Amino acid sequence: MEKTGTRVPRHVVLLVPAGIAMLAGLDAALLLLGLPAPVRLDRWAQVHGPLMVLGFVGTLVVLERAVAVRRRAALAAPAALGLGGLALLTPLPLVVGQAALVVGALGLGAVYVAVWRRQPATALAVQTLGAAHGVAAAVLWLAGTAVPHLVPCLAGFLVLTIAGERLELLRVGGHGEHVEDTVWALACGWALAATLALLWPAVGWHLLGAVLVSLVVVLVRHDVARRTVRATGLPRFMACAMLAGYAWLAAAGAVWLVAGPVLAGRAYDAVLHAVFLGFVLSMVMAHAPVILPAVLRRPLPYRPLMYVPLALLHVTLAVRVLVGDVRGLDVVVQAGGVGNVAALLLFVLVAAGSALRGPAPRPRTERRPVPDAAALEVGAVR
């Protein structure tokens with residue numbers, strides 16, 4: 001399936017649908033903000049959320065898992081998600097794309113089952129439960145559930161996947177089993193809260209907020225990012241991105257804990273983007289230099305320039321949420337939204353340029369020794 005040497009592995013073609021989904025999703029974001037966009041199709045705006053979560057980020061997550069399994073059949077899962085995302089953008093009946101997303105999400109579950117048979121672990125169980133949330137979101141959307149009601153499942157898919165990855169690193173770092181047990185209990189709590197949010201919203205959303213805040217507290221308390229932020233180079237960049245992401249996730253959890261169901265308006269915009277931009281996208285930026293090389297089969301060297309799109313993301317998101325949404329200023333929300341779009345596009349350009357330029361030169365001197373946790377951070381992530 002894959003060729004060694006300088007040839008690009010064939011599975012890289014599966015990144016193309018993810019890239020198209022990202023660009024279409026950003027186009028739709030501009031439409032939802034009431035701004036001019038390169039393509040003006042109402043359907044793109046209607047599918048914006050599932051397209052970005054399942055068609056874009058979901059395809060990247062599933063492709064990395066499929067490549068790690070080293071089984072050709074596993075690539076069917078990211079292919080289905082990618083094709084589903086593309087179908088959503090065409091005049092085909094919406095159900096075609098939705099059904100493909102269901103197949104892709106189920107395929108991710110099958111990949112986790114294959115890995116579990118080889119090496120069961122609590123961290124893998126958390127990620128598998130995250131995949132189950134992805135399946136639930138895709139099935140519910142296919143059944144006609146409105147997107148705002150899918151948020152607990154869509155967020156659970158990505159948040160629990162990332163939490164499971166961080167838990168793997170904590171285990172390598174020698175943390176006790178009680179941490180794994182706590183995270184697993186909170187993951188199960190998320191599943192309960194997501195179910196109640198559909199059946200009994202007045203209780204489920206408050207519970208979801210409590211679970212989310214508790215999960216952030218546990219992860220931040222034990223995450224090596226608290227140590228690697230004092231390092232240099234890539235470990236410090238990753239730590240800064242992750243800690244900033246945790247802050248946004250805690251803010252979203254606090255809103256749900258206090259306000260309960262938030263399904264429309266300014267608060268909905270604020271919480272939604274705190275989770276999916278502030279946390280998820282920040283985590284994508286953090287892990288790109290160590291995850292994408294495993295998929296691309298070529299290095300993606302860290303460069304200090306990567307801080308620019310990271311900073312742009314968090315500054316413009318803060319402007320959008322803390323000023324635009326809180327004060328009800330449409331023009332500020334629009335300006336922040338444009339900045340969010342620019343941040344993601346800029347990071348893609350910086351990452352592509354870094355990969356094309358090849359390995360970055362090593363500095364002759366280091367002002368500060370790198371803690372052992374820094375090497376652990378880079379080495380333990382697939």
# chains A, B, ... in the order shown; residues from 1 in each chain; ligands from 1

call {"tool": "residues_around", "arguments": {"residues": "Gln127 of chain A", "least_positions_apart": "6", "cutoff": "6 Å", "atoms": "only C-alpha atoms", "output": "VMD selection string"}}
result
chain A and resid 160 to 161 164

call {"tool": "residues_around", "arguments": {"residues": "Gly34 of chain A", "least_positions_apart": "5", "cutoff": "10 Å", "atoms": "only C-alpha atoms", "output": "PyMOL selection string"}}
result
chain A and resi 28-29+330-331+334

call {"tool": "write_last_selection", "arguments": {"atoms": "all heavy atoms", "output": "short mmCIF file (atom, residue, chain, number, x, y, z; two decimals), in the first residue's frame"}}
result
data_model
loop_
_atom_site.label_atom_id
_atom_site.label_comp_id
_atom_site.auth_asym_id
_atom_site.auth_seq_id
_atom_site.Cartn_x
_atom_site.Cartn_y
_atom_site.Cartn_z
N ALA A 28 -18.56 28.58 4.38
CA ALA A 28 -19.86 28.61 5.05
C ALA A 28 -19.83 29.48 6.30
O ALA A 28 -20.83 30.12 6.65
CB ALA A 28 -20.28 27.19 5.41
N ALA A 29 -18.68 29.49 6.99
CA ALA A 29 -18.56 30.33 8.19
C ALA A 29 -18.75 31.79 7.83
O ALA A 29 -19.40 32.54 8.57
CB ALA A 29 -17.19 30.10 8.84
N ASP A 330 -22.43 42.96 16.43
CA ASP A 330 -22.34 42.14 15.22
C ASP A 330 -21.04 42.36 14.47
O ASP A 330 -20.41 41.40 13.99
CB ASP A 330 -23.52 42.43 14.29
CG ASP A 330 -24.83 41.88 14.84
OD1 ASP A 330 -24.78 40.99 15.72
OD2 ASP A 330 -25.90 42.35 14.40
N VAL A 331 -20.63 43.61 14.34
CA VAL A 331 -19.44 43.90 13.56
C VAL A 331 -18.20 43.31 14.21
O VAL A 331 -17.27 42.87 13.52
CB VAL A 331 -19.28 45.43 13.35
CG1 VAL A 331 -19.00 46.13 14.68
CG2 VAL A 331 -18.18 45.73 12.34
N GLN A 334 -18.20 39.59 13.51
CA GLN A 334 -17.75 39.36 12.14
C GLN A 334 -16.24 39.51 12.01
O GLN A 334 -15.58 38.69 11.37
CB GLN A 334 -18.46 40.35 11.20
CG GLN A 334 -19.95 40.09 11.03
CD GLN A 334 -20.63 41.15 10.18
OE1 GLN A 334 -20.18 42.31 10.12
NE2 GLN A 334 -21.71 40.77 9.53
#

call {"tool": "closest_residue", "arguments": {"among": "A:Val220, A:Ala351, A:Ala239, A:Leu23", "to": "Gly85 of chain A", "atoms": "only C-alpha atoms"}}
result
A:Leu23

call {"tool": "residues_around", "arguments": {"residues": "Gly55 of chain A", "least_positions_apart": "2", "cutoff": "10 Å", "atoms": "only C-alpha atoms", "output": "PDB file with N, CA, C and O atoms, in the first residue's frame"}}
result
ATOM      1  N   PRO A  17     -10.191  15.232   0.371  1.00  0.00           N
ATOM      2  CA  PRO A  17     -11.560  15.569   0.789  1.00  0.00           C
ATOM      3  C   PRO A  17     -11.604  16.360   2.095  1.00  0.00           C
ATOM      4  O   PRO A  17     -12.462  17.242   2.249  1.00  0.00           O
ATOM      5  N   ALA A  18     -10.692  16.043   3.025  1.00  0.00           N
ATOM      6  CA  ALA A  18     -10.654  16.792   4.281  1.00  0.00           C
ATOM      7  C   ALA A  18     -10.314  18.254   4.011  1.00  0.00           C
ATOM      8  O   ALA A  18     -10.910  19.170   4.618  1.00  0.00           O
ATOM      9  N   GLY A  19      -9.366  18.488   3.112  1.00  0.00           N
ATOM     10  CA  GLY A  19      -8.999  19.857   2.765  1.00  0.00           C
ATOM     11  C   GLY A  19     -10.142  20.605   2.102  1.00  0.00           C
ATOM     12  O   GLY A  19     -10.390  21.791   2.394  1.00  0.00           O
ATOM     13  N   ILE A  20     -10.862  19.916   1.210  1.00  0.00           N
ATOM     14  CA  ILE A  20     -12.009  20.553   0.553  1.00  0.00           C
ATOM     15  C   ILE A  20     -13.098  20.863   1.575  1.00  0.00           C
ATOM     16  O   ILE A  20     -13.724  21.930   1.541  1.00  0.00           O
ATOM     17  N   ALA A  21     -13.324  19.922   2.507  1.00  0.00           N
ATOM     18  CA  ALA A  21     -14.320  20.160   3.557  1.00  0.00           C
ATOM     19  C   ALA A  21     -13.936  21.364   4.405  1.00  0.00           C
ATOM     20  O   ALA A  21     -14.797  22.165   4.791  1.00  0.00           O
ATOM     21  N   MET A  22     -12.644  21.494   4.711  1.00  0.00           N
ATOM     22  CA  MET A  22     -12.188  22.641   5.494  1.00  0.00           C
ATOM     23  C   MET A  22     -12.462  23.957   4.760  1.00  0.00           C
ATOM     24  O   MET A  22     -13.020  24.905   5.333  1.00  0.00           O
ATOM     25  N   GLY A  25     -16.112  24.614   4.615  1.00  0.00           N
ATOM     26  CA  GLY A  25     -16.582  24.985   5.938  1.00  0.00           C
ATOM     27  C   GLY A  25     -16.243  26.422   6.286  1.00  0.00           C
ATOM     28  O   GLY A  25     -17.042  27.131   6.905  1.00  0.00           O
ATOM     29  N   HIS A  48     -22.647  23.322   7.858  1.00  0.00           N
ATOM     30  CA  HIS A  48     -21.355  23.815   8.339  1.00  0.00           C
ATOM     31  C   HIS A  48     -20.811  23.017   9.520  1.00  0.00           C
ATOM     32  O   HIS A  48     -19.663  22.554   9.498  1.00  0.00           O
ATOM     33  N   GLY A  49     -21.610  22.828  10.571  1.00  0.00           N
ATOM     34  CA  GLY A  49     -21.120  22.157  11.774  1.00  0.00           C
ATOM     35  C   GLY A  49     -20.685  20.725  11.546  1.00  0.00           C
ATOM     36  O   GLY A  49     -19.522  20.362  11.779  1.00  0.00           O
ATOM     37  N   PRO A  50     -21.586  19.841  11.076  1.00  0.00           N
ATOM     38  CA  PRO A  50     -21.178  18.457  10.811  1.00  0.00           C
ATOM     39  C   PRO A  50     -20.067  18.353   9.781  1.00  0.00           C
ATOM     40  O   PRO A  50     -19.226  17.448   9.865  1.00  0.00           O
ATOM     41  N   LEU A  51     -20.065  19.249   8.802  1.00  0.00           N
ATOM     42  CA  LEU A  51     -19.013  19.213   7.783  1.00  0.00           C
ATOM     43  C   LEU A  51     -17.645  19.434   8.411  1.00  0.00           C
ATOM     44  O   LEU A  51     -16.681  18.711   8.106  1.00  0.00           O
ATOM     45  N   MET A  52     -17.529  20.433   9.290  1.00  0.00           N
ATOM     46  CA  MET A  52     -16.240  20.732   9.903  1.00  0.00           C
ATOM     47  C   MET A  52     -15.829  19.667  10.919  1.00  0.00           C
ATOM     48  O   MET A  52     -14.657  19.275  10.985  1.00  0.00           O
ATOM     49  N   VAL A  53     -16.795  19.172  11.711  1.00  0.00           N
ATOM     50  CA  VAL A  53     -16.456  18.213  12.765  1.00  0.00           C
ATOM     51  C   VAL A  53     -16.179  16.831  12.196  1.00  0.00           C
ATOM     52  O   VAL A  53     -15.167  16.207  12.520  1.00  0.00           O
ATOM     53  N   VAL A  57     -12.219  17.618  10.528  1.00  0.00           N
ATOM     54  CA  VAL A  57     -11.419  17.108  11.650  1.00  0.00           C
ATOM     55  C   VAL A  57     -11.598  15.599  11.795  1.00  0.00           C
ATOM     56  O   VAL A  57     -10.628  14.869  12.044  1.00  0.00           O
ATOM     57  N   GLY A  58     -12.830  15.112  11.621  1.00  0.00           N
ATOM     58  CA  GLY A  58     -13.074  13.688  11.754  1.00  0.00           C
ATOM     59  C   GLY A  58     -12.263  12.869  10.769  1.00  0.00           C
ATOM     60  O   GLY A  58     -11.704  11.819  11.128  1.00  0.00           O
ATOM     61  N   THR A  59     -12.176  13.327   9.535  1.00  0.00           N
ATOM     62  CA  THR A  59     -11.378  12.603   8.538  1.00  0.00           C
ATOM     63  C   THR A  59      -9.909  12.564   8.940  1.00  0.00           C
ATOM     64  O   THR A  59      -9.245  11.527   8.799  1.00  0.00           O
ATOM     65  N   LEU A  60      -9.381  13.666   9.465  1.00  0.00           N
ATOM     66  CA  LEU A  60      -7.983  13.691   9.906  1.00  0.00           C
ATOM     67  C   LEU A  60      -7.754  12.708  11.051  1.00  0.00           C
ATOM     68  O   LEU A  60      -6.775  11.957  11.047  1.00  0.00           O
ATOM     69  N   PRO A  78     -11.801   6.593   6.903  1.00  0.00           N
ATOM     70  CA  PRO A  78     -11.584   7.992   6.512  1.00  0.00           C
ATOM     71  C   PRO A  78     -12.075   8.283   5.096  1.00  0.00           C
ATOM     72  O   PRO A  78     -12.497   9.410   4.815  1.00  0.00           O
ATOM     73  N   ALA A  80     -14.789   7.041   3.731  1.00  0.00           N
ATOM     74  CA  ALA A  80     -16.238   7.265   3.828  1.00  0.00           C
ATOM     75  C   ALA A  80     -16.545   8.642   4.402  1.00  0.00           C
ATOM     76  O   ALA A  80     -17.445   9.344   3.921  1.00  0.00           O
ATOM     77  N   LEU A  81     -15.801   9.048   5.430  1.00  0.00           N
ATOM     78  CA  LEU A  81     -16.016  10.381   5.997  1.00  0.00           C
ATOM     79  C   LEU A  81     -15.695  11.471   4.976  1.00  0.00           C
ATOM     80  O   LEU A  81     -16.432  12.460   4.840  1.00  0.00           O
ATOM     81  N   GLY A  82     -14.587  11.291   4.270  1.00  0.00           N
ATOM     82  CA  GLY A  82     -14.207  12.280   3.267  1.00  0.00           C
ATOM     83  C   GLY A  82     -15.221  12.385   2.146  1.00  0.00           C
ATOM     84  O   GLY A  82     -15.622  13.488   1.733  1.00  0.00           O
ATOM     85  N   LEU A  83     -15.666  11.237   1.641  1.00  0.00           N
ATOM     86  CA  LEU A  83     -16.667  11.241   0.577  1.00  0.00           C
ATOM     87  C   LEU A  83     -17.999  11.784   1.084  1.00  0.00           C
ATOM     88  O   LEU A  83     -18.723  12.460   0.344  1.00  0.00           O
ATOM     89  N   GLY A  84     -18.322  11.481   2.334  1.00  0.00           N
ATOM     90  CA  GLY A  84     -19.545  12.033   2.907  1.00  0.00           C
ATOM     91  C   GLY A  84     -19.504  13.543   2.965  1.00  0.00           C
ATOM     92  O   GLY A  84     -20.492  14.223   2.646  1.00  0.00           O
ATOM     93  N   GLY A  85     -18.347  14.080   3.374  1.00  0.00           N
ATOM     94  CA  GLY A  85     -18.199  15.526   3.392  1.00  0.00           C
ATOM     95  C   GLY A  85     -18.351  16.132   2.005  1.00  0.00           C
ATOM     96  O   GLY A  85     -19.009  17.167   1.834  1.00  0.00           O
ATOM     97  N   LEU A  86     -17.765  15.487   1.008  1.00  0.00           N
ATOM     98  CA  LEU A  86     -17.885  15.986  -0.367  1.00  0.00           C
ATOM     99  C   LEU A  86     -19.337  15.934  -0.838  1.00  0.00           C
ATOM    100  O   LEU A  86     -19.820  16.853  -1.509  1.00  0.00           O
ATOM    101  N   ALA A  87     -20.033  14.847  -0.493  1.00  0.00           N
ATOM    102  CA  ALA A  87     -21.429  14.710  -0.919  1.00  0.00           C
ATOM    103  C   ALA A  87     -22.308  15.814  -0.337  1.00  0.00           C
ATOM    104  O   ALA A  87     -23.264  16.257  -0.986  1.00  0.00           O
ATOM    105  N   LEU A  88     -21.984  16.245   0.874  1.00  0.00           N
ATOM    106  CA  LEU A  88     -22.766  17.322   1.489  1.00  0.00           C
ATOM    107  C   LEU A  88     -22.670  18.616   0.694  1.00  0.00           C
ATOM    108  O   LEU A  88     -23.573  19.464   0.771  1.00  0.00           O
ATOM    109  N   GLY A  97     -24.800  12.121   1.815  1.00  0.00           N
ATOM    110  CA  GLY A  97     -23.652  12.528   2.619  1.00  0.00           C
ATOM    111  C   GLY A  97     -23.799  12.108   4.063  1.00  0.00           C
ATOM    112  O   GLY A  97     -22.835  11.657   4.699  1.00  0.00           O
ATOM    113  N   LEU A 101     -21.314   9.572   6.282  1.00  0.00           N
ATOM    114  CA  LEU A 101     -20.711   9.951   7.562  1.00  0.00           C
ATOM    115  C   LEU A 101     -20.974   8.886   8.623  1.00  0.00           C
ATOM    116  O   LEU A 101     -20.108   8.602   9.457  1.00  0.00           O
ATOM    117  N   GLY A 104     -18.558   6.073   7.926  1.00  0.00           N
ATOM    118  CA  GLY A 104     -17.205   6.430   8.335  1.00  0.00           C
ATOM    119  C   GLY A 104     -17.030   6.397   9.841  1.00  0.00           C
ATOM    120  O   GLY A 104     -16.003   5.915  10.347  1.00  0.00           O
TER     121      GLY A 104
END

call {"tool": "residues_around", "arguments": {"residues": "Leu356 of chain A", "least_positions_apart": "6", "cutoff": "12 Å", "atoms": "only C-alpha atoms", "output": "list in words"}}
result
Leu296, Arg298, Pro299, Leu300, Pro301, Leu349 and Val350 of chain A

call {"tool": "residues_around", "arguments": {"residues": "Trp205 of chain A", "least_positions_apart": "5", "cutoff": "12 Å", "atoms": "only C-alpha atoms", "output": "PyMOL selection string"}}
result
chain A and resi 149-153+189-200+210-212+252-263

call {"tool": "closest_residue", "arguments": {"among": "A:Val115, A:Asp181, A:Leu312, A:Ala187", "to": "Gly130 of chain A", "atoms": "only C-alpha atoms"}}
result
A:Ala187

call {"tool": "atom_distance", "arguments": {"atom1": "atom CA of Glu180 of chain A", "atom2": "atom CA of Gln119 of chain A"}}
result
15.6 Å

call {"tool": "residues_around", "arguments": {"residues": "Leu89 of chain A", "least_positions_apart": "5", "cutoff": "8 Å", "atoms": "only C-alpha atoms", "output": "PyMOL selection string"}}
result
chain A and resi 24+43-44

call {"tool": "closest_residue", "arguments": {"among": "A:Ala73, A:Ala342, A:Leu41, A:Leu124", "to": "His314 of chain A", "atoms": "only C-alpha atoms"}}
result
A:Ala342
